[in-house]
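Accompanying notes for the structure given below.
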Amino acid sequence: MNEPIIIEELGKIWGRDAIFLDEIEFDGTHSVKLIGDFNGSLCESVENDKWISYELTFKGILEFKMTELDFFSNTEYTSSFEKVIGSDIINGFSKSSQNFKLKESHNHYVFHTYDDVIEIIACEFELKLKPKKE
């Protein structure tokens, strides 16, 4: 089961054209930054068609997986950005590693962009929004 991530300024984000990814930055300390734009017309709480630039940083990453959209096997989802409840991946980590104590704060996130689906197991995320420069 998946639960949509609802961002206060945007609401629920939905649709193949809702999220565009321009850049991925890995910093070598178990964090990654995704940089791109949200299509305001596909965000529940945005009242016009404006584009909104984002920087989405995930911290405490245990797994990062990127799959081309047409090859992503799970076609049922609740929004373009969601959290997996009862994640099989997290449950598998808990069972397979006796030397590593999985933090209760780790979550399984799924981020559906125009071209790719990104799955991340991380402790937290931080989102920065700004109007797109024309």
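Please note that chains go A, B, ... in the order of the structure tokens, that every chain numbers its residues from 1, and that ligands are numbered from 1 in the order shown.
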### Task
Extract, using only C-alpha atoms, all DNA, RNA and protein residues at most 9 Å from Asp17 (chain A), discarding same-chain residues fewer than 4 positions from it, and format them as a PyMOL selection string.
chain A and resi 38-39+42+113-114
### Query
Hey, what's within 9 Å of His30 (chain A) if we count only C-alpha atoms and toss same-chain stuff fewer than 5 positions away? As a count of residues only, please?
6
### Close residues, region 115-121 of chain A itself excluded, 9 Å, only C-alpha atoms, min 2 positions apart in chain, as a list of chain:residue names
A:Arg16, A:Phe20, A:Leu21, A:Phe58, A:Gly60, A:Ile61, A:Leu62, A:Glu63, A:Phe64, A:Lys65, A:Met66, A:Thr67, A:Glu68, A:Leu69, A:Asp70, A:Phe71, A:Phe72, A:Ile89, A:Ile90, A:His106, A:Asn107, A:His108, A:Tyr109, A:Val110, A:Phe111, A:His112, A:Thr113, A:Cys123
Those in chain A with alpha helix (DSSP H) from DSSP, as an mmCIF file with N, CA and C atoms, in the first residue's frame:
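Writing done, so here's states04.cif:
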```
data_model
loop_
_atom_site.group_PDB
_atom_site.id
_atom_site.type_symbol
_atom_site.label_atom_id
_atom_site.label_comp_id
_atom_site.auth_asym_id
_atom_site.auth_seq_id
_atom_site.Cartn_x
_atom_site.Cartn_y
_atom_site.Cartn_z
ATOM 1 N N ASP A 88 8.285 -4.086 1.503
ATOM 2 C CA ASP A 88 8.991 -5.367 1.465
ATOM 3 C C ASP A 88 10.504 -5.168 1.506
ATOM 4 N N ILE A 89 10.978 -4.092 0.915
ATOM 5 C CA ILE A 89 12.425 -3.824 0.909
ATOM 6 C C ILE A 89 12.912 -3.547 2.333
ATOM 7 N N ILE A 90 12.216 -2.672 3.039
ATOM 8 C CA ILE A 90 12.612 -2.367 4.425
ATOM 9 C C ILE A 90 12.478 -3.608 5.293
ATOM 10 N N ASN A 91 11.402 -4.361 5.128
ATOM 11 C CA ASN A 91 11.239 -5.606 5.900
ATOM 12 C C ASN A 91 12.364 -6.589 5.594
ATOM 13 N N GLY A 92 12.817 -6.642 4.340
ATOM 14 C CA GLY A 92 13.923 -7.505 3.958
ATOM 15 C C GLY A 92 15.231 -7.065 4.594
ATOM 16 N N PHE A 93 15.462 -5.745 4.658
ATOM 17 C CA PHE A 93 16.660 -5.234 5.321
ATOM 18 C C PHE A 93 16.672 -5.645 6.791
ATOM 19 N N SER A 94 15.535 -5.512 7.441
ATOM 20 C CA SER A 94 15.437 -5.824 8.866
ATOM 21 C C SER A 94 15.764 -7.281 9.147
ATOM 22 N N LYS A 95 15.360 -8.170 8.250
ATOM 23 C CA LYS A 95 15.576 -9.606 8.447
ATOM 24 C C LYS A 95 16.972 -10.057 8.040
ATOM 25 N N SER A 96 17.568 -9.391 7.042
ATOM 26 C CA SER A 96 18.818 -9.894 6.473
ATOM 27 C C SER A 96 20.078 -9.408 7.179
#
```
### Query
Which of chain A counts as strand (DSSP E) under DSSP, as an MDAnalysis selection string please?
chainID A and resid 2:4 19:26 31:39 51:59 63:68 81:84 107:112 116:122 124:131
### Query
For the atom pair CA of Glu25 (chain A) and CA of Glu9 (chain A), what is the interatomic distance in Å to one decimal place?
24.0 Å
